[in-house]
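Data from target.csv: CSV, C-alpha atoms and all ligand atoms
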chain,number,residue,atom,x,y,z
C,1,MET,CA,-79.8,-57.8,11.8
C,2,ILE,CA,-79.7,-54.5,13.7
C,3,ALA,CA,-82.8,-52.2,13.4
C,4,HIS,CA,-82.1,-48.9,11.6
C,5,ASP,CA,-83.2,-47.0,14.7
C,6,TRP,CA,-80.1,-48.3,16.4
C,7,PHE,CA,-77.9,-46.6,13.8
C,8,VAL,CA,-79.8,-43.4,14.0
C,9,GLU,CA,-79.5,-43.4,17.8
C,10,HIS,CA,-75.7,-44.1,17.7
C,11,ARG,CA,-74.6,-41.7,15.0
C,12,THR,CA,-73.0,-39.4,17.6
C,13,ASP,CA,-71.3,-42.3,19.4
C,14,PHE,CA,-69.8,-43.4,16.1
C,15,VAL,CA,-68.4,-39.9,15.4
C,16,ALA,CA,-67.2,-39.6,19.0
C,17,ARG,CA,-65.6,-43.1,18.7
C,18,THR,CA,-67.3,-44.4,21.9
C,19,LEU,CA,-68.8,-47.6,20.2
C,20,GLU,CA,-67.5,-51.1,21.0
C,21,PRO,CA,-65.1,-52.4,18.2
C,22,ASP,CA,-67.8,-54.8,16.8
C,23,GLU,CA,-70.4,-52.1,17.0
C,24,GLU,CA,-68.1,-49.7,15.1
C,25,ARG,CA,-67.5,-52.4,12.5
C,26,SER,CA,-71.3,-52.9,12.0
C,27,PHE,CA,-71.7,-49.2,11.7
C,28,THR,CA,-69.0,-48.8,9.1
C,29,GLU,CA,-70.6,-51.7,7.1
C,30,HIS,CA,-74.0,-50.0,7.4
C,31,LEU,CA,-72.6,-46.7,6.1
C,32,GLY,CA,-71.5,-48.4,2.9
C,33,GLY,CA,-75.2,-48.9,2.0
C,34,CYS,CA,-77.0,-46.0,3.8
C,35,ALA,CA,-76.8,-42.6,2.2
C,36,ASP,CA,-78.9,-41.1,5.1
C,37,CYS,CA,-76.5,-42.2,7.8
C,38,ARG,CA,-73.5,-41.1,5.6
C,39,ALA,CA,-74.9,-37.6,5.2
C,40,ALA,CA,-75.8,-37.4,9.0
C,41,ILE,CA,-72.2,-38.6,10.0
C,42,ALA,CA,-70.6,-36.1,7.6
C,43,ARG,CA,-72.7,-33.3,9.2
C,44,LEU,CA,-71.9,-34.4,12.7
C,45,GLU,CA,-68.2,-34.6,11.9
C,46,GLN,CA,-68.2,-31.1,10.5
C,47,GLU,CA,-70.0,-29.8,13.6
C,48,LEU,CA,-67.8,-31.6,16.1
C,49,ALA,CA,-64.7,-30.3,14.4
C,50,TRP,CA,-65.6,-26.8,15.5
C,51,LEU,CA,-66.0,-27.7,19.1
C,52,PRO,CA,-63.0,-27.6,21.4
C,53,MET,CA,-63.4,-31.0,23.0
C,54,GLY,CA,-61.4,-30.6,26.2
C,55,LEU,CA,-57.7,-30.8,26.2
C,56,ALA,CA,-57.1,-34.1,24.3
C,57,PRO,CA,-58.3,-33.9,20.7
C,58,VAL,CA,-60.3,-36.9,19.5
C,59,PRO,CA,-58.1,-39.0,17.1
C,60,PRO,CA,-59.7,-39.3,13.7
C,61,ARG,CA,-61.8,-42.4,13.1
C,62,PRO,CA,-59.7,-44.8,10.9
C,63,GLY,CA,-62.4,-44.8,8.2
C,64,LEU,CA,-62.2,-41.0,7.9
C,65,THR,CA,-58.5,-41.1,7.1
C,66,ARG,CA,-59.0,-43.9,4.6
C,67,SER,CA,-61.9,-42.1,2.8
C,68,LEU,CA,-59.7,-38.9,2.6
C,69,VAL,CA,-56.9,-41.0,1.0
C,70,ALA,CA,-59.4,-42.7,-1.3
C,71,GLY,CA,-60.6,-39.3,-2.4
C,72,ALA,CA,-57.1,-38.1,-3.0
C,73,LEU,CA,-56.4,-41.2,-5.1
C,74,GLY,CA,-59.5,-40.4,-7.2
C,75,GLU,CA,-61.5,-43.4,-5.9
C,76,ARG,CA,-65.3,-43.3,-5.8
C,77,ARG,CA,-66.9,-41.1,-3.1
C,78,GLY,CA,-65.1,-38.5,-1.1
C,79,PRO,CA,-64.3,-35.0,-2.1
C,80,PRO,CA,-62.7,-34.1,-5.5
C,81,ARG,CA,-59.0,-34.6,-5.6
C,82,TRP,CA,-58.1,-30.9,-5.8
C,83,LEU,CA,-60.2,-30.2,-2.7
C,84,VAL,CA,-58.3,-32.7,-0.4
C,85,PRO,CA,-55.3,-30.5,0.5
C,86,PHE,CA,-57.6,-27.7,1.4
C,87,ALA,CA,-59.8,-30.0,3.5
C,88,LEU,CA,-56.7,-31.3,5.3
C,89,ALA,CA,-55.4,-27.8,5.9
C,90,ALA,CA,-58.7,-26.7,7.2
C,91,SER,CA,-59.1,-29.7,9.4
C,92,LEU,CA,-55.5,-29.1,10.8
C,93,ALA,CA,-56.3,-25.4,11.4
C,94,LEU,CA,-59.4,-26.4,13.3
C,95,SER,CA,-57.5,-28.8,15.5
C,96,LEU,CA,-54.8,-26.2,16.1
C,97,GLY,CA,-57.5,-23.7,16.9
C,98,ALA,CA,-59.0,-26.0,19.5
C,99,TRP,CA,-55.6,-26.6,21.0
C,100,PHE,CA,-54.8,-23.0,21.3
C,101,TRP,CA,-58.2,-22.2,22.7
C,102,ALA,CA,-57.8,-24.9,25.4
C,103,LEU,CA,-54.2,-23.8,26.1
C,104,GLY,CA,-55.2,-20.1,26.3
C,105,THR,CA,-58.0,-20.9,28.7
C,106,THR,CA,-55.6,-23.0,30.9
C,107,ARG,CA,-53.0,-20.2,30.9
C,108,ALA,CA,-55.6,-17.6,31.8
C,109,PHE,CA,-56.9,-19.8,34.6
C,110,GLU,CA,-53.3,-20.4,35.9
C,111,ARG,CA,-52.6,-16.6,35.8
C,112,GLN,CA,-55.8,-16.0,37.7
C,113,LEU,CA,-54.8,-18.6,40.3
C,114,ALA,CA,-51.4,-17.1,40.7
C,115,GLN,CA,-52.9,-13.6,41.2
C,116,GLU,CA,-55.3,-14.9,43.8
C,117,ARG,CA,-52.5,-16.8,45.6
C,118,GLY,CA,-50.4,-13.6,45.6
C,119,ARG,CA,-53.2,-11.6,47.1
C,120,LEU,CA,-53.8,-14.2,49.8
C,121,VAL,CA,-50.1,-14.4,50.7
C,122,GLU,CA,-50.1,-10.6,51.0
C,123,GLU,CA,-53.2,-10.5,53.2
C,124,LEU,CA,-51.8,-13.2,55.4
C,125,ALA,CA,-48.5,-11.4,55.8
C,126,MET,CA,-50.3,-8.2,56.7
C,127,THR,CA,-52.5,-10.0,59.3
C,128,ARG,CA,-49.4,-11.7,60.8
C,129,ASP,CA,-47.7,-8.4,60.9
C,130,THR,CA,-50.5,-6.7,62.7
C,131,LEU,CA,-50.9,-9.5,65.1
C,132,GLY,CA,-47.2,-9.6,65.7
C,133,ILE,CA,-47.1,-5.9,66.6
C,134,ILE,CA,-50.0,-6.4,69.1
C,135,ARG,CA,-48.5,-9.6,70.6
C,136,GLU,CA,-45.0,-8.1,70.8
C,137,ALA,CA,-46.1,-4.7,72.0
C,138,GLY,CA,-43.8,-3.6,74.7
C,139,MET,CA,-46.1,-0.7,75.6
C,140,VAL,CA,-49.9,-0.3,75.4
C,141,ARG,CA,-51.5,3.0,76.0
C,142,HIS,CA,-55.2,4.0,76.1
C,143,ALA,CA,-57.1,7.3,76.0
C,144,SER,CA,-60.8,7.8,76.3
C,145,ILE,CA,-62.5,10.1,73.9
C,146,SER,CA,-66.0,11.7,74.4
C,147,MET,CA,-67.7,13.3,71.5
C,148,GLY,CA,-71.2,14.5,72.5
C,149,LYS,CA,-73.0,11.3,73.6
C,150,LYS,CA,-70.4,9.1,71.9
C,151,GLN,CA,-67.8,7.4,74.1
C,152,GLY,CA,-64.8,6.1,72.2
C,153,GLY,CA,-61.1,5.8,72.6
C,154,MET,CA,-57.6,5.4,71.1
C,155,LEU,CA,-55.5,2.5,71.9
C,156,ILE,CA,-51.8,2.3,71.0
C,157,PHE,CA,-49.7,-0.9,70.8
C,158,ALA,CA,-46.0,0.2,70.4
C,159,ASP,CA,-43.6,-2.5,69.1
C,160,GLU,CA,-40.2,-1.2,70.2
C,161,ARG,CA,-38.4,-4.0,68.3
C,162,THR,CA,-39.8,-3.0,64.8
C,163,HIS,CA,-40.5,0.7,65.9
C,164,ARG,CA,-44.0,0.5,64.6
C,165,TRP,CA,-47.4,1.2,66.3
C,166,ASN,CA,-50.7,-0.4,65.9
C,167,VAL,CA,-53.3,2.2,66.6
C,168,VAL,CA,-57.0,1.4,67.2
C,169,VAL,CA,-59.5,4.3,67.2
C,170,TYR,CA,-63.0,3.2,68.1
C,171,GLY,CA,-66.4,4.5,69.0
C,172,LEU,CA,-66.0,7.8,67.1
C,173,PRO,CA,-68.8,9.1,64.7
C,174,ALA,CA,-68.1,9.7,61.0
C,175,SER,CA,-66.4,13.1,60.4
C,176,GLU,CA,-68.6,16.1,59.6
C,177,PRO,CA,-68.5,17.2,55.9
C,178,GLY,CA,-65.4,19.2,55.3
C,179,GLU,CA,-63.6,17.8,58.3
C,180,VAL,CA,-61.3,14.9,58.9
C,181,CYS,CA,-60.0,13.1,62.0
C,182,GLN,CA,-56.2,13.5,62.1
C,183,PHE,CA,-53.6,11.5,63.9
C,184,TRP,CA,-50.4,13.2,65.2
C,185,PHE,CA,-47.2,12.0,66.6
C,186,ILE,CA,-45.9,14.1,69.6
C,187,THR,CA,-42.1,14.3,69.3
C,188,ASP,CA,-39.4,16.1,71.2
C,189,SER,CA,-39.2,18.5,68.2
C,190,GLY,CA,-43.0,19.2,68.1
C,191,MET,CA,-46.1,17.7,66.5
C,192,VAL,CA,-45.7,15.6,63.3
C,193,ARG,CA,-48.6,15.0,61.1
C,194,GLY,CA,-49.6,11.3,60.8
C,195,VAL,CA,-52.4,9.8,58.8
C,196,GLU,CA,-56.1,10.6,58.4
C,197,VAL,CA,-58.3,8.3,60.5
C,198,LYS,CA,-61.5,7.1,58.8
C,199,THR,CA,-64.2,6.9,61.4
C,200,ASP,CA,-67.7,5.7,60.7
C,201,GLY,CA,-69.3,5.2,64.1
C,202,ARG,CA,-69.6,1.5,63.7
C,203,SER,CA,-66.3,-0.4,63.3
C,204,PRO,CA,-62.9,0.6,64.8
C,205,ALA,CA,-60.2,2.1,62.5
C,206,LEU,CA,-57.0,0.2,62.6
C,207,LEU,CA,-53.7,1.8,61.6
C,208,THR,CA,-50.2,0.3,61.4
C,209,LEU,CA,-47.7,3.2,61.5
C,210,PRO,CA,-44.0,3.4,61.2
C,211,MET,CA,-42.3,6.1,63.3
C,212,PRO,CA,-42.2,9.5,61.5
C,213,PRO,CA,-39.0,10.0,59.5
C,214,ASN,CA,-36.4,12.4,61.1
C,215,ALA,CA,-38.1,12.2,64.5
C,216,ARG,CA,-35.6,11.4,67.1
C,217,ASN,CA,-37.9,10.8,70.0
C,218,VAL,CA,-41.6,10.0,69.8
C,219,MET,CA,-43.2,10.8,73.1
C,220,GLY,CA,-46.9,10.4,72.4
C,221,ALA,CA,-49.8,10.8,70.0
C,222,ALA,CA,-52.8,13.1,69.6
C,223,LEU,CA,-56.0,13.0,67.6
C,224,THR,CA,-57.6,16.2,66.3
C,225,ILE,CA,-60.5,17.3,64.1
C,226,GLU,CA,-59.0,19.3,61.2
C,227,PRO,CA,-60.4,21.0,58.1
C,228,MET,CA,-60.2,18.7,55.1
C,229,GLY,CA,-57.1,19.3,52.9
C,230,ALA,CA,-55.2,21.1,55.7
C,231,THR,CA,-51.4,20.5,55.4
C,232,GLY,CA,-50.2,22.7,58.3
C,233,ALA,CA,-47.3,21.4,60.4
C,234,ALA,CA,-49.3,21.9,63.6
C,235,PRO,CA,-52.9,21.0,64.6
C,236,ALA,CA,-55.4,23.8,64.2
C,237,GLY,CA,-58.6,22.1,65.2
C,238,VAL,CA,-60.2,20.6,68.3
C,239,GLU,CA,-58.1,18.0,70.1
C,240,LEU,CA,-59.9,14.7,70.8
C,241,ALA,CA,-57.2,12.8,72.5
C,242,HIS,CA,-53.7,13.4,73.8
C,243,LEU,CA,-51.7,10.5,74.9
C,244,MET,CA,-48.1,10.4,76.3
C,245,LEU,CA,-46.1,7.2,76.5
L,301,ZN,ZN,-78.6,-45.7,8.1

Output the structure of this file as structure tokens.
Ligand SMILES: [Zn+2]
Amino acid sequence: MIAHDWFVEHRTDFVARTLEPDEERSFTEHLGGCADCRAAIARLEQELAWLPMGLAPVPPRPGLTRSLVAGALGERRGPPRWLVPFALAASLALSLGAWFWALGTTRAFERQLAQERGRLVEELAMTRDTLGIIREAGMVRHASISMGKKQGGMLIFADERTHRWNVVVYGLPASEPGEVCQFWFITDSGMVRGVEVKTDGRSPALLTLPMPPNARNVMGAALTIEPMGATGAAPAGVELAHLML
């Protein structure tokens, strides 16, 4: 004879179908004569139906199917006959809901992984590209820059194979308000505006630059301080560095 406490303690196990076969048999027998446990089990089953229990839905306990069929056939206990189709439909909807919830979560996770992978691949390609230009550089040029007490410089790695430059600008303080640090290409047809260089006085600015379009012959580079928003074809401000290849 099993003490009633055992049944109370194992109600959840019974609903989750984790009992040994002989324990499950004892529990089923006990349910026949214990209204308390029946009520508790019904409540637990209702609660668990709402929970998405991982990817694999728990198969219904054999007794549950039987009691639903018994109800449908008008036997004692179980819901009234007319309620059964609704109960079945509701239970099916709940299982489907749990499935879609789990499926949706998995898809979102997969999407997130794919995005993260794409970002890493892109970053790796950029890093390889930058390192490639430095390693393959057929020409390296350096110019020192003094700004007040600050000592910095500009370093150009020119990759003649891919016609791109890696430019490092270091040691320069952040630009004054309303001013920018501007990079220029020096070509045989004059100065060509390059990109703005973000300086912060701490870490070097690293630029990877293709040769300017329509420029036949790039001969060097310059760095100037320009008023913010200037679009002129030639530098108007103070020149910081002037470097010929
Ligand atoms: Zn009981």

Worksheet item: Quick one, how far is CA of Glu160 (chain C) from CA of Gly194 (chain C)?
Response: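 A separation of 18.2 Å between them.
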
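Across the structure, CA of Glu9 (chain C) and CA of Gly33 (chain C) are spaced 17.3 Å apart.
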
Worksheet item: Given the choices C:Pro227, C:Gly201, C:Gly32, C:Gly178, which gets closest to ligand ZN 301 (chain L) if the distance is worked out from all atoms listed in the file?
Response: C:Gly32

Worksheet item: What residues have any atom no more than 6 Å from ligand ZN 301 (chain L) when counting all atoms listed in the file, and can you list them as a PyMOL selection string?
Response: chain C and resi 4+7+34+36-37

Worksheet item: Using all atoms listed in the file, which of the listed residues (C:Leu172, C:Met139, C:Val121, C:Ala42) sits closest to Ala241 (chain C)?
Response: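 Answer, going by the shortest atom-to-atom distance: C:Leu172.
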
Excluding Arg202 (chain C) and residues on its chain fewer than 2 positions from it, collect all residues at most 7 Å away from it, counting all atoms listed in the file, and give them as an mmCIF file with C-alpha atoms, in the coordinates of the input.
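Output file result.cif follows:
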data_model
loop_
_atom_site.group_PDB
_atom_site.id
_atom_site.type_symbol
_atom_site.label_atom_id
_atom_site.label_comp_id
_atom_site.auth_asym_id
_atom_site.auth_seq_id
_atom_site.Cartn_x
_atom_site.Cartn_y
_atom_site.Cartn_z
ATOM 1 C CA GLY C 171 -66.400 4.500 69.000
ATOM 2 C CA ASP C 200 -67.700 5.700 60.700
ATOM 3 C CA PRO C 204 -62.900 0.600 64.800
#

Worksheet item: Smallest atom-to-atom distance to Leu209 (chain C): which of C:Thr18, C:Thr106, C:Ser91, C:Thr130, using all atoms listed in the file?
Response: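 Comparing C:Thr18, C:Thr106, C:Ser91, C:Thr130 against Leu209 (chain C), the winner is C:Thr130.
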
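The residue set within 12 Å of Asp129 (chain C), counting only C-alpha atoms and dropping same-chain residues fewer than 4 places from it, reads Glu122, Glu123, Leu124, Ala125, Ile133, Ile134, Arg135, Glu136, Ala137, Asp159, Thr162, Arg164, Trp165, Asn166, Leu207, Thr208 and Leu209 of chain C.
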
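Our summary of the geometry notes that CA of Ser189 (chain C) is positioned 22.8 Å from CA of Met154 (chain C).
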